[in-house]
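Scroll down for the structure; my scribbles are underneath it.
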Amino acid sequence: MFPTLPIGPLSIQTPGLLLLIGVFLGLNLAERRAAPRGVPADRLYSLVFVMFLSGLAGARLSFAAQHPAAFRAAPLSLFALDPALLDPFGGLATAALAALIAGRRWGLALWPTLDAFTPALAVTAVFIGLANLASGKAFGAPTSLPWGIPLWGESRHPTQVYQALGSAIILAILWKRFGRPAPPEGGLFLQFAALTAGLILFVEAFRGDSRLLFGGLRQTQVIAWIALALCLGLLERKRSRLAAEAGAGDPLSENRSPQQQ
Amino acid sequence: MISAQPFFRRALLIGILLLGLGWTFFSRVTTENAAEGRAPAPQAGFPAPAFELTDLDGRLVSLTDLRGRPVILNFWASWCAPCRAEMPALQAVADEYAERGLVILAVNAAFQDRAEDAVAFVAQNGLTFPILLDRDGQVNRRYQVHSLPTTFFIGPDGLIREVVIGGPMSSASLRVRAESLLESVP
């Protein structure tokens with residue numbers, strides 16, 4: 001566990017640094033693989049910039065809306081350089097909404113843009129696991145298995161390593177598809193999302209800090225299962241439509257044999 | 001054959017979802033393996049490690065004696081700029097919530113700070129909450145404090161609710177967390 005990295009008089013927060021490296025590497029990869037999907041690389045960066053700014057503002061405003069009394073007592077705190085005053089879900093929702101609006105204004109189609117972003121998401125997912133390992137968060141349940149890591153006074157499942165390794169495997173599985181667009185549109189993104197939801201569903205079982213629902217069910221697993229079902233359902237619908245179009249004589253279909261044609 | 005492909009694919013998808021449902025049910029947390037009886041550790045969800053330190057007046061303060069009251073435990077040093085910047089906000093929150101039972105303890109990293117600088121800073125800023133001196137660094141090590149300031153929010157049950165590494169924390173941030181801690185007082 002290395003939550004901070006001392007560099008001279010400065011103390012850099014390692015998890016944040018790892019996330020920044022992940023986003024940087026991921027965007028670099030996405031930029032190089034975006035062109036065949038018809039998404040200009042500079043538009044990808046513009047979209048990230050819009051999402052970053054709107055996400056930050058949304059996270060702060062959402063936090064303030066949930067705790068109005070605290071901000072009434074200290075209104076200037078609204079502009080404080082304090083990351084503890086951010087609501088991540090509010091930030092994510094605002095960033096997604098801003099991306100939708102900006103994408104529509106710039107004429108970016110939703111599914112190809114999500115496909116173009118997938119390499120960035122896949123690389124960042126690996127670094128999220130590493131960032132959790134550095135901070136000691138998302139820790140595992142106690143275990144006597146030989147690969148357990150000593151953390152918070154006990155030998156625990158290295159769930160952060162499971163997460164990072166699983167994400168690296170997903171990255172390797174999808175790697176060849178990053179630069180080769182294939183129908184259906186959005187298929188790459190949905191495959192990544194389904195694989196990641198499956199990974200979370202699996203790894204969460206070894207976590208020692210799960211939030212619980214009724215009957216001891218783990219909240220994250222329930223959310224991951226719903227996400228998995230949605231992604232698989234959408235993927236299946238897109239494939240069925242593609243097959244129907246191919247059957248109806250769609251000249252763009254790649255999967256038909258010469259006999260079928 | 002062509003019509004059989006979607007059938008098998010859909011059967012596979014339903015199989016995956018059923019497997020996921022089974023795994024979710026199988027790995028649910030039972031009362032036997034619930035997060036109870038954890039050893040103290042400086043992490044959210046764990047009991048706060050116990051300590052005893054003396055304050056600037058030589059009085060002994062024990063964290064265990066404060067069980068039943070919410071505690072904000074701040075690690076600081078007088079040479080640390082963000083620590084200095086957040087002290088007025090800590091004092092404001094201490095004044096505002098003292099009557100409701102909130103305790104603020106500021107552990108000075110005395111093993112790497114000069115006592116006269118710490119005393120001067122406290123006097124200059126009119127800090128009234130206990131300033132504890134960690135002369136040998138044992139409490140900093142026990143709480144795995146790698147950078148200053150680091151603040152632990154401890155519930156009345158002695159469990160750490162949140163750890164904030166770095167600063168300065170704003171007064172709104174401290175108020176929100178103070179309110180949250182006070183809500184958990186039975």
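Ordered as shown in the structure tokens, chains take letters A, B, and onward, while each chain numbers its residues from 1 and ligands are numbered from 1 in the order shown.
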For this session: Please report as a list of chain:residue names which residues of chain A come no farther than 6 Å from chain B, using only C-alpha atoms.
Result: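 The answer, sorted by residue number, is A:Ala70, A:Phe71, A:Ser77, A:Asp82, A:Leu85, A:Trp152, A:Ala205, A:Gly216, A:Leu217.
Secondary structure by DSSP on the backbone puts the following residues of segment 28-258 of chain A in strand (DSSP E): Ile149, Pro150, Leu151, Glu154, Ser155 and Arg156 of chain A.
The space between atom CA of Pro3 of chain A and atom CA of Ala178 of chain B spans 24.5 Å.
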Exercise. Quick one: residues within 7 Å of Ala77 of chain B, only C-alpha atoms counted, chain neighbours fewer than 6 positions away excluded, as a PyMOL selection string?
Worked result: chain B and resi 83+108-109+113
Skipping near chain neighbours, those fewer than 2 positions away, what residues fall within 12 Å of Leu110 of chain A using only C-alpha atoms, listed as a PDB file with N, CA, C and O atoms, in the first residue's frame?
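Saved result, selection-v3.pdb, follows:
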```
ATOM      1  N   ARG A  37     -13.239   4.624 -37.133  1.00  0.00           N
ATOM      2  CA  ARG A  37     -14.637   4.652 -36.684  1.00  0.00           C
ATOM      3  C   ARG A  37     -15.329   5.951 -37.086  1.00  0.00           C
ATOM      4  O   ARG A  37     -16.468   6.204 -36.702  1.00  0.00           O
ATOM      5  N   GLY A  38     -14.599   6.817 -37.758  1.00  0.00           N
ATOM      6  CA  GLY A  38     -15.176   8.077 -38.210  1.00  0.00           C
ATOM      7  C   GLY A  38     -15.317   9.098 -37.103  1.00  0.00           C
ATOM      8  O   GLY A  38     -16.119  10.022 -37.202  1.00  0.00           O
ATOM      9  N   VAL A  39     -14.552   8.918 -36.049  1.00  0.00           N
ATOM     10  CA  VAL A  39     -14.586   9.893 -34.946  1.00  0.00           C
ATOM     11  C   VAL A  39     -13.235  10.623 -34.935  1.00  0.00           C
ATOM     12  O   VAL A  39     -12.208  10.009 -34.656  1.00  0.00           O
ATOM     13  N   ALA A  96     -21.860  12.821 -18.232  1.00  0.00           N
ATOM     14  CA  ALA A  96     -22.517  12.036 -19.288  1.00  0.00           C
ATOM     15  C   ALA A  96     -23.512  12.904 -20.054  1.00  0.00           C
ATOM     16  O   ALA A  96     -23.570  12.863 -21.293  1.00  0.00           O
ATOM     17  N   ALA A  99     -21.656  15.334 -22.233  1.00  0.00           N
ATOM     18  CA  ALA A  99     -21.077  14.636 -23.389  1.00  0.00           C
ATOM     19  C   ALA A  99     -22.151  14.380 -24.448  1.00  0.00           C
ATOM     20  O   ALA A  99     -21.892  14.531 -25.644  1.00  0.00           O
ATOM     21  N   LEU A 100     -23.341  14.018 -23.992  1.00  0.00           N
ATOM     22  CA  LEU A 100     -24.451  13.780 -24.930  1.00  0.00           C
ATOM     23  C   LEU A 100     -24.795  15.048 -25.709  1.00  0.00           C
ATOM     24  O   LEU A 100     -24.947  15.028 -26.929  1.00  0.00           O
ATOM     25  N   ILE A 101     -24.889  16.162 -24.960  1.00  0.00           N
ATOM     26  CA  ILE A 101     -25.247  17.439 -25.595  1.00  0.00           C
ATOM     27  C   ILE A 101     -24.145  17.870 -26.569  1.00  0.00           C
ATOM     28  O   ILE A 101     -24.417  18.218 -27.730  1.00  0.00           O
ATOM     29  N   ALA A 102     -22.885  17.821 -26.091  1.00  0.00           N
ATOM     30  CA  ALA A 102     -21.761  18.252 -26.948  1.00  0.00           C
ATOM     31  C   ALA A 102     -21.641  17.331 -28.169  1.00  0.00           C
ATOM     32  O   ALA A 102     -21.429  17.810 -29.284  1.00  0.00           O
ATOM     33  N   GLY A 103     -21.779  16.036 -27.947  1.00  0.00           N
ATOM     34  CA  GLY A 103     -21.677  15.073 -29.053  1.00  0.00           C
ATOM     35  C   GLY A 103     -22.725  15.334 -30.112  1.00  0.00           C
ATOM     36  O   GLY A 103     -22.445  15.297 -31.313  1.00  0.00           O
ATOM     37  N   ARG A 104     -23.952  15.627 -29.658  1.00  0.00           N
ATOM     38  CA  ARG A 104     -25.035  15.897 -30.621  1.00  0.00           C
ATOM     39  C   ARG A 104     -24.732  17.173 -31.406  1.00  0.00           C
ATOM     40  O   ARG A 104     -24.899  17.235 -32.612  1.00  0.00           O
ATOM     41  N   ARG A 105     -24.237  18.202 -30.676  1.00  0.00           N
ATOM     42  CA  ARG A 105     -23.928  19.480 -31.331  1.00  0.00           C
ATOM     43  C   ARG A 105     -22.814  19.311 -32.369  1.00  0.00           C
ATOM     44  O   ARG A 105     -22.823  19.947 -33.407  1.00  0.00           O
ATOM     45  N   TRP A 106     -21.848  18.428 -32.072  1.00  0.00           N
ATOM     46  CA  TRP A 106     -20.718  18.236 -32.993  1.00  0.00           C
ATOM     47  C   TRP A 106     -21.010  17.143 -34.034  1.00  0.00           C
ATOM     48  O   TRP A 106     -20.118  16.753 -34.790  1.00  0.00           O
ATOM     49  N   GLY A 107     -22.207  16.617 -33.999  1.00  0.00           N
ATOM     50  CA  GLY A 107     -22.590  15.620 -34.998  1.00  0.00           C
ATOM     51  C   GLY A 107     -21.943  14.257 -34.803  1.00  0.00           C
ATOM     52  O   GLY A 107     -21.727  13.525 -35.771  1.00  0.00           O
ATOM     53  N   LEU A 108     -21.629  13.934 -33.540  1.00  0.00           N
ATOM     54  CA  LEU A 108     -21.014  12.627 -33.267  1.00  0.00           C
ATOM     55  C   LEU A 108     -22.117  11.611 -32.966  1.00  0.00           C
ATOM     56  O   LEU A 108     -22.955  11.853 -32.090  1.00  0.00           O
ATOM     57  N   PRO A 112     -20.852   4.799 -32.320  1.00  0.00           N
ATOM     58  CA  PRO A 112     -19.454   4.819 -32.777  1.00  0.00           C
ATOM     59  C   PRO A 112     -18.539   5.599 -31.828  1.00  0.00           C
ATOM     60  O   PRO A 112     -17.371   5.235 -31.651  1.00  0.00           O
ATOM     61  N   THR A 113     -19.077   6.659 -31.206  1.00  0.00           N
ATOM     62  CA  THR A 113     -18.254   7.436 -30.267  1.00  0.00           C
ATOM     63  C   THR A 113     -17.939   6.592 -29.032  1.00  0.00           C
ATOM     64  O   THR A 113     -16.810   6.612 -28.532  1.00  0.00           O
ATOM     65  N   LEU A 114     -18.941   5.849 -28.544  1.00  0.00           N
ATOM     66  CA  LEU A 114     -18.691   4.972 -27.384  1.00  0.00           C
ATOM     67  C   LEU A 114     -17.660   3.900 -27.754  1.00  0.00           C
ATOM     68  O   LEU A 114     -16.775   3.581 -26.950  1.00  0.00           O
ATOM     69  N   ASP A 115     -17.754   3.359 -28.987  1.00  0.00           N
ATOM     70  CA  ASP A 115     -16.753   2.389 -29.449  1.00  0.00           C
ATOM     71  C   ASP A 115     -15.362   3.020 -29.471  1.00  0.00           C
ATOM     72  O   ASP A 115     -14.370   2.392 -29.081  1.00  0.00           O
ATOM     73  N   ALA A 116     -15.294   4.279 -29.941  1.00  0.00           N
ATOM     74  CA  ALA A 116     -14.003   4.966 -30.037  1.00  0.00           C
ATOM     75  C   ALA A 116     -13.405   5.206 -28.649  1.00  0.00           C
ATOM     76  O   ALA A 116     -12.180   5.226 -28.482  1.00  0.00           O
ATOM     77  N   PHE A 117     -14.272   5.390 -27.650  1.00  0.00           N
ATOM     78  CA  PHE A 117     -13.797   5.633 -26.276  1.00  0.00           C
ATOM     79  C   PHE A 117     -13.385   4.342 -25.554  1.00  0.00           C
ATOM     80  O   PHE A 117     -12.694   4.391 -24.535  1.00  0.00           O
ATOM     81  N   GLU A 185     -22.696  -1.357 -34.648  1.00  0.00           N
ATOM     82  CA  GLU A 185     -22.147  -0.160 -34.001  1.00  0.00           C
ATOM     83  C   GLU A 185     -22.446  -0.234 -32.508  1.00  0.00           C
ATOM     84  O   GLU A 185     -23.560  -0.584 -32.120  1.00  0.00           O
ATOM     85  N   GLY A 186     -21.468   0.089 -31.702  1.00  0.00           N
ATOM     86  CA  GLY A 186     -21.642   0.003 -30.247  1.00  0.00           C
ATOM     87  C   GLY A 186     -21.315  -1.372 -29.704  1.00  0.00           C
ATOM     88  O   GLY A 186     -21.286  -1.567 -28.486  1.00  0.00           O
ATOM     89  N   GLY A 187     -21.050  -2.326 -30.603  1.00  0.00           N
ATOM     90  CA  GLY A 187     -20.762  -3.700 -30.173  1.00  0.00           C
ATOM     91  C   GLY A 187     -19.515  -3.788 -29.307  1.00  0.00           C
ATOM     92  O   GLY A 187     -19.498  -4.500 -28.295  1.00  0.00           O
ATOM     93  N   PHE A 189     -18.137  -1.410 -27.420  1.00  0.00           N
ATOM     94  CA  PHE A 189     -18.406  -0.821 -26.104  1.00  0.00           C
ATOM     95  C   PHE A 189     -19.247  -1.775 -25.245  1.00  0.00           C
ATOM     96  O   PHE A 189     -18.945  -1.987 -24.063  1.00  0.00           O
TER      97      PHE A 189
END
```
